[in-house]
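Okay, input.txt is below, compact mmCIF, C-alpha atoms and all ligand atoms:
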# COMPACT_ATOMS: atom_id res chain seq x y z
CA MET A 1170 -69.48 23.04 -105.94
CA THR A 1171 -71.74 24.94 -103.55
CA ILE A 1172 -70.63 28.30 -102.17
CA ALA A 1173 -70.01 26.65 -98.80
CA GLN A 1174 -67.78 24.00 -100.36
CA SER A 1175 -65.89 26.63 -102.35
CA LEU A 1176 -65.35 28.69 -99.21
CA LEU A 1177 -64.17 25.65 -97.23
CA SER A 1178 -61.72 24.83 -99.98
CA LEU A 1179 -60.54 28.44 -100.12
CA GLN A 1180 -60.07 28.39 -96.36
CA SER A 1181 -57.84 25.33 -96.51
CA THR A 1182 -55.85 26.94 -99.33
CA ASP A 1183 -55.53 30.15 -97.30
CA GLN A 1184 -54.33 28.16 -94.29
CA SER A 1185 -51.65 26.46 -96.40
CA LEU A 1186 -50.75 29.84 -97.83
CA ALA A 1187 -50.31 31.24 -94.32
CA ILE A 1188 -47.95 28.38 -93.45
CA ARG A 1189 -45.91 29.00 -96.59
CA ARG A 1190 -45.75 32.71 -95.88
CA ARG A 1191 -44.51 31.96 -92.37
CA GLU A 1192 -41.89 29.53 -93.67
CA TYR A 1193 -40.70 32.11 -96.17
CA ARG A 1194 -40.45 34.77 -93.48
CA GLU A 1195 -38.52 32.44 -91.20
CA VAL A 1196 -35.93 31.94 -93.94
CA GLN A 1197 -35.81 35.69 -94.51
CA THR A 1198 -35.39 36.37 -90.78
CA GLU A 1199 -32.51 33.92 -90.56
CA LEU A 1200 -30.91 35.49 -93.62
CA ASP A 1201 -31.26 38.95 -92.07
CA SER A 1202 -29.64 37.77 -88.82
CA GLU A 1203 -26.46 36.88 -90.75
CA GLY A 1204 -25.82 34.10 -88.24
CA GLY A 1205 -25.21 36.64 -85.46
CA LEU A 1206 -22.04 37.79 -87.22
CA PRO A 1207 -22.58 41.57 -86.96
CA LYS A 1208 -22.69 41.41 -83.17
CA LEU A 1209 -19.65 39.14 -83.03
CA ARG A 1210 -17.71 41.46 -85.35
CA GLU A 1211 -18.64 44.37 -83.12
CA SER A 1212 -17.32 42.73 -79.96
CA CYS A 1213 -14.21 41.65 -81.89
CA ASP A 1214 -13.64 45.28 -82.84
CA SER A 1215 -14.15 46.63 -79.34
CA THR A 1216 -11.82 43.97 -77.94
CA ARG A 1217 -9.18 44.95 -80.47
CA VAL A 1218 -9.45 48.55 -79.26
CA ARG A 1219 -9.02 47.31 -75.68
CA VAL A 1220 -5.91 45.35 -76.69
CA LEU A 1221 -4.45 48.50 -78.24
CA GLU A 1222 -5.25 50.58 -75.19
CA ALA A 1223 -3.68 47.99 -72.90
CA LYS A 1224 -0.55 47.95 -75.06
CA VAL A 1225 -0.32 51.73 -75.04
CA ASN A 1226 -0.71 51.70 -71.27
CA MET A 1227 2.04 49.07 -70.91
CA ALA A 1228 4.39 51.02 -73.16
CA ARG A 1229 3.78 54.19 -71.16
CA LEU A 1230 4.46 52.41 -67.86
CA GLU A 1231 7.63 50.83 -69.22
CA SER A 1232 8.92 54.14 -70.48
CA ASP A 1233 8.09 55.77 -67.13
CA LEU A 1234 9.89 52.95 -65.40
CA ALA A 1235 13.06 53.40 -67.44
CA MET A 1236 12.98 57.17 -66.98
CA LEU A 1237 12.51 56.94 -63.22
CA LYS A 1238 15.28 54.35 -62.88
CA ASP A 1239 17.63 56.68 -64.74
CA GLU A 1240 16.61 59.54 -62.47
CA VAL A 1241 17.17 57.44 -59.34
CA ALA A 1242 20.60 56.34 -60.62
CA GLU A 1243 21.56 59.89 -61.45
CA LEU A 1244 20.43 61.20 -58.04
CA GLU A 1245 22.31 58.39 -56.30
CA THR A 1246 25.47 59.23 -58.18
CA ARG A 1247 25.17 62.80 -57.00
CA LEU A 1248 24.28 61.72 -53.46
CA TYR A 1249 27.04 59.18 -52.98
CA GLY A 1250 29.60 60.36 -55.56
CA GLY A 1251 31.21 62.67 -53.06
CA ALA A 1252 31.27 65.65 -55.41
CA ILE A 1253 28.63 67.53 -53.45
CA THR A 1254 29.58 68.41 -49.92
CA ASN A 1255 27.09 71.19 -49.23
CA VAL A 1256 24.61 69.88 -46.63
CA ARG A 1257 21.70 71.92 -47.92
CA GLN A 1258 22.26 70.70 -51.44
CA LEU A 1259 22.60 67.11 -50.23
CA THR A 1260 19.35 67.38 -48.26
CA ALA A 1261 17.55 68.73 -51.31
CA ILE A 1262 18.86 65.86 -53.45
CA GLU A 1263 17.86 63.37 -50.78
CA THR A 1264 14.30 64.72 -50.73
CA GLU A 1265 14.09 64.51 -54.51
CA HIS A 1266 15.59 61.03 -54.41
CA SER A 1267 12.93 59.68 -52.07
CA SER A 1268 10.15 61.34 -54.08
CA VAL A 1269 11.42 59.78 -57.32
CA ARG A 1270 11.78 56.42 -55.54
CA ARG A 1271 8.14 56.64 -54.47
CA ASN A 1272 7.08 57.31 -58.03
CA LEU A 1273 9.20 54.41 -59.20
CA ALA A 1274 7.57 52.08 -56.67
CA GLN A 1275 4.14 53.13 -57.87
CA VAL A 1276 4.99 52.44 -61.49
CA GLU A 1277 6.51 49.06 -60.57
CA GLU A 1278 3.31 48.16 -58.75
CA ALA A 1279 1.14 49.15 -61.71
CA ILE A 1280 3.11 47.19 -64.29
CA SER A 1281 2.08 43.69 -63.25
CA PRO A 1282 -1.72 44.26 -63.30
CA ALA A 1283 -1.36 46.18 -66.56
CA GLN A 1284 0.47 43.26 -68.06
CA VAL A 1285 -2.24 40.85 -66.87
CA ALA A 1286 -4.90 43.11 -68.37
CA ALA A 1287 -3.04 43.29 -71.68
CA GLU A 1288 -2.62 39.52 -71.80
CA HIS A 1289 -6.24 38.97 -70.88
CA ALA A 1290 -7.46 41.32 -73.60
CA GLY A 1291 -5.10 39.69 -76.08
CA GLN A 1292 -6.41 36.23 -75.24
CA GLN A 1293 -9.98 37.41 -75.49
CA PHE A 1294 -9.29 38.94 -78.87
CA ALA A 1295 -7.64 35.73 -80.09
CA ASP A 1296 -10.62 33.65 -78.93
CA LEU A 1297 -13.14 35.99 -80.50
CA THR A 1298 -11.21 36.10 -83.76
CA ALA A 1299 -11.12 32.29 -83.91
CA ASP A 1300 -14.82 32.13 -83.10
CA LEU A 1301 -15.62 34.74 -85.71
CA GLU A 1302 -13.61 32.91 -88.34
CA ALA A 1303 -15.38 29.61 -87.64
CA LYS A 1304 -18.80 31.26 -87.64
CA GLU A 1305 -18.10 33.18 -90.83
CA LYS A 1306 -17.18 29.92 -92.52
CA ALA A 1307 -20.30 28.16 -91.23
CA TRP A 1308 -22.46 31.10 -92.26
CA LYS A 1309 -21.18 30.97 -95.82
CA THR A 1310 -22.51 27.42 -96.13
CA ARG A 1311 -25.76 28.23 -94.34
CA GLN A 1312 -26.30 31.32 -96.46
CA VAL A 1313 -26.10 29.29 -99.66
CA GLU A 1314 -28.66 26.85 -98.21
CA LEU A 1315 -30.93 29.68 -97.09
CA ARG A 1316 -30.79 31.47 -100.41
CA SER A 1317 -31.92 28.42 -102.31
CA GLU A 1318 -34.51 27.72 -99.62
CA LYS A 1319 -35.80 31.26 -100.02
CA ILE A 1320 -36.26 30.79 -103.76
CA GLU A 1321 -37.96 27.44 -103.11
CA LYS A 1322 -40.32 28.82 -100.48
CA GLY A 1323 -41.02 31.91 -102.55
CA THR A 1324 -41.96 29.79 -105.55
CA ALA A 1325 -44.16 27.53 -103.43
CA PHE A 1326 -45.89 30.58 -101.98
CA ASN A 1327 -46.51 32.14 -105.37
CA GLU A 1328 -47.91 28.91 -106.76
CA MET A 1329 -50.25 28.58 -103.82
CA LEU A 1330 -51.23 32.25 -104.17
CA GLN A 1331 -52.15 31.66 -107.81
CA ILE A 1332 -54.34 28.72 -106.79
CA ARG A 1333 -55.88 30.87 -104.08
CA ASN A 1334 -56.69 33.69 -106.46
CA ASP A 1335 -58.21 31.30 -109.00
CA GLU A 1336 -60.40 29.81 -106.27
CA ALA A 1337 -61.41 33.22 -104.93
CA ALA A 1338 -62.41 34.36 -108.41
CA GLN A 1339 -65.14 31.70 -108.43
CA ILE A 1340 -66.79 32.98 -105.26
CA PRO A 1341 -69.43 35.74 -105.25
CA ASP A 1342 -68.06 39.06 -104.00
CA ASP A 1343 -70.29 39.46 -100.95
CA HIS A 1344 -69.49 35.95 -99.66
CA LEU A 1345 -65.81 36.45 -100.37
CA ALA A 1346 -65.71 39.82 -98.60
CA ARG A 1347 -67.42 38.40 -95.51
CA TYR A 1348 -65.12 35.39 -95.53
CA THR A 1349 -61.96 37.51 -95.95
CA ARG A 1350 -62.91 39.83 -93.11
CA LEU A 1351 -63.51 36.91 -90.75
CA PHE A 1352 -60.44 34.99 -91.87
CA ARG A 1353 -58.28 37.99 -90.96
CA SER A 1354 -59.97 38.90 -87.70
CA ASN A 1355 -60.35 35.32 -86.50
CA ARG A 1356 -56.78 34.04 -86.94
CA GLY A 1357 -57.35 32.04 -90.06
CA ILE A 1358 -60.75 30.50 -89.30
CA ALA A 1359 -63.75 31.93 -91.10
CA ILE A 1360 -65.88 28.91 -91.90
CA VAL A 1361 -66.81 26.27 -89.37
CA ARG A 1362 -69.04 23.27 -89.73
CA VAL A 1363 -72.26 22.64 -87.90
CA ASP A 1364 -72.29 19.11 -86.62
CA ARG A 1365 -75.64 17.75 -85.38
CA GLY A 1366 -76.84 21.28 -84.81
CA VAL A 1367 -73.74 22.42 -82.87
CA CYS A 1368 -71.36 25.14 -84.11
CA GLN A 1369 -67.92 23.56 -84.15
CA GLY A 1370 -66.36 26.98 -83.69
CA CYS A 1371 -68.00 28.02 -80.45
CA ALA A 1372 -69.69 24.74 -79.38
CA VAL A 1373 -73.07 26.41 -79.10
CA ARG A 1374 -76.20 24.54 -80.16
CA LEU A 1375 -78.01 26.43 -82.88
CA PRO A 1376 -81.63 27.38 -82.29
CA VAL A 1377 -83.95 25.48 -84.61
CA GLY A 1378 -84.77 28.68 -86.45
CA GLU A 1379 -81.08 29.24 -87.25
CA LEU A 1380 -80.70 25.70 -88.56
CA THR A 1381 -83.68 26.19 -90.82
CA ARG A 1382 -82.24 29.48 -92.01
CA LEU A 1383 -78.85 27.84 -92.67
CA ARG A 1384 -80.43 25.05 -94.71
CA ALA A 1385 -82.40 27.54 -96.77
CA ALA A 1386 -79.45 29.89 -97.39
CA ASP A 1387 -77.40 29.81 -100.61
CA GLY A 1388 -74.19 29.83 -98.58
CA PRO A 1389 -72.82 29.92 -95.05
CA ILE A 1390 -74.57 32.19 -92.56
CA PRO A 1391 -72.96 34.04 -89.61
CA CYS A 1392 -73.00 32.24 -86.29
CA SER A 1393 -74.47 34.15 -83.35
CA CYS A 1394 -70.97 34.02 -81.79
CA GLY A 1395 -69.96 36.41 -84.57
CA ARG A 1396 -66.62 34.67 -85.03
CA ALA A 1397 -67.47 32.41 -87.92
CA LEU A 1398 -69.75 31.53 -90.76
CA LEU A 1399 -71.58 28.27 -90.52
CA THR A 1400 -72.04 25.49 -92.98
CA GLU A 1401 -73.45 22.00 -92.76
CA HIS A 1402 -71.47 20.74 -95.76
ZN ZN B 1501 -70.35 29.78 -83.35

This structure in structure tokens:
Amino acid sequence: MTIAQSLLSLQSTDQSLAIRRREYREVQTELDSEGGLPKLRESCDSTRVRVLEAKVNMARLESDLAMLKDEVAELETRLYGGAITNVRQLTAIETEHSSVRRNLAQVEEAISPAQVAAEHAGQQFADLTADLEAKEKAWKTRQVELRSEKIEKGTAFNEMLQIRNDEAAQIPDDHLARYTRLFRSNRGIAIVRVDRGVCQGCAVRLPVGELTRLRAADGPIPCSCGRALLTEH
């Protein structure tokens, strides 16, 4: 095999290797995402807190309601019981009575929206919990698949890497170094063919002198575009 042929072969191995690396990383990325479960658990948790808060709020309103009703009843007993005949006292009780009644009306008004909010949060929590449960189950299956896929892809990558290293070991250091630098900087294309005097990388026709130089060289030579090494093989 000529140096050019060896480099072309190495390039195709390196391209396959890049695909395998990408496939492996994709599996790893999906594994790391945990099927979106962390985010779902988080919103489940925050909804549960909201449910608790809504319940606490409801309980507070209900206790206020009971207390205010008692107060109203007690004030009404005093107002209409006939035991108090002093006008000033009666006026004071009347003022207190209407103030407590106002508070009671406010609490009664707040109870219905609070109840709606509590029910809404409760429903949301139930939906999220069901969703989470289903997704956790699905993820368990997917995770098993992904783990075996990861081993598979990892093995395939390592095998290809071994082939790559064996191939690279056959190539003279200076050619290999030049190739490696270009392969990295040029998105996986270091060697391009010259077809009927035209660089297939940049589509530029080579000057006759370059062609002569290429044919006399022991391996690929740099194209004037600087992006690739040329070979006629
Ligand atoms: Zn070129």

Inset, instruction - With only C-alpha atoms and all ligand atoms counted, collect every polymer residue having an atom within 10 Å of ligand ZN 1501 (chain B); state the result as a list in words. - result: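 For ligand ZN 1501 (chain B), the residues inside 10 Å are Ile1360, Val1361, Arg1362, Val1363, Val1367, Cys1368, Gln1369, Gly1370, Cys1371, Ala1372, Val1373, Arg1374, Leu1375, Pro1391, Cys1392, Ser1393, Cys1394, Gly1395, Arg1396, Ala1397, Leu1398 and Leu1399 of chain A.
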
Legend entry - Shell around range 1183-1189 of chain A at 7 Å using all atoms listed in the file, local window under 6 positions removed, as a PyMOL selection string: chain A and resi 1322+1326+1329-1330+1333+1357

Legend entry - Contacts of Ala1242 in chain A within 10 Å, all atoms listed in the file, excl. fewer than 6 positions in-chain, as a ChimeraX atom specification: /A:1236,1248,1266

Legend entry - Best match for closeness to Glu1288 in chain A among A:Arg1191, A:Val1377, A:Lys1224, A:Glu1203, counting only C-alpha atoms: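 Ranking A:Arg1191, A:Val1377, A:Lys1224, A:Glu1203 by distance to Glu1288 in chain A, first place goes to A:Lys1224.
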
Legend entry - Residue among A:Ala1290, A:Val1285, A:Met1227, A:Ala1386 lying closest to Ser1215 in chain A, counting all atoms listed in the file: A:Ala1290

Inset, instruction - Find the residue from A:Gly1205, A:Glu1401, A:Arg1347, A:Leu1273 that sits nearest to Lys1238 in chain A; use all atoms listed in the file when measuring. - result: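 Among the listed residues, the smallest separation from Lys1238 in chain A belongs to A:Leu1273.
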
Inset, instruction - Check the smallest atom-to-atom distance from each of A:Asn1327, A:Gly1204, A:Glu1199, A:Ile1253 to Lys1306 in chain A using all atoms listed in the file, then report the winner. - result: A:Gly1204

Legend entry - Residue nearest Leu1244 in chain A among A:Ile1262, A:Val1256, A:Leu1230, A:Leu1383 (counting only C-alpha atoms):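 Counting only C-alpha atoms, the residue closest to Leu1244 in chain A is A:Ile1262.
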
Inset, instruction - In Å, rounded to a single decimal, give me how far CA of Arg1270 in chain A is from CA of Glu1240 in chain A. - result: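 Between these atoms lies a distance of 9.0 Å.
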
Legend entry - Closest of A:Leu1234, A:Leu1351, A:Leu1380, A:Leu1200 to Glu1278 in chain A - atom-to-atom distances counting only C-alpha atoms: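 Of A:Leu1234, A:Leu1351, A:Leu1380, A:Leu1200, the one nearest Glu1278 in chain A, counting only C-alpha atoms, is A:Leu1234.
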
Inset, instruction - One decimal, Å: what's the distance from CA of Glu1318 in chain A over to CA of Val1196 in chain A, could you say? - result: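 So the answer is 7.2 Å.
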
Inset, instruction - Find the distance between CA of Ala1303 in chain A and CA of Thr1216 in chain A and write it in Å to one decimal. - result: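 We find that CA of Ala1303 in chain A and CA of Thr1216 in chain A lie 17.7 Å from each other.
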
Inset, instruction - Would you kindly return, as a ChimeraX atom specification, each protein, DNA or RNA residue with an atom no farther than 12 Å from any atom of Asp1201 in chain A, considering only C-alpha atoms and excluding same-chain residues fewer than 4 positions away? - result: /A:1194-1197,1205-1207,1308,1312,1315-1316,1319

Legend entry - 12 Å contact set for range 1293-1299 of chain A, all atoms listed in the file, chain neighbours under 5 positions out, as a ChimeraX atom specification: /A:1206,1208-1221,1286-1288,1304-1306
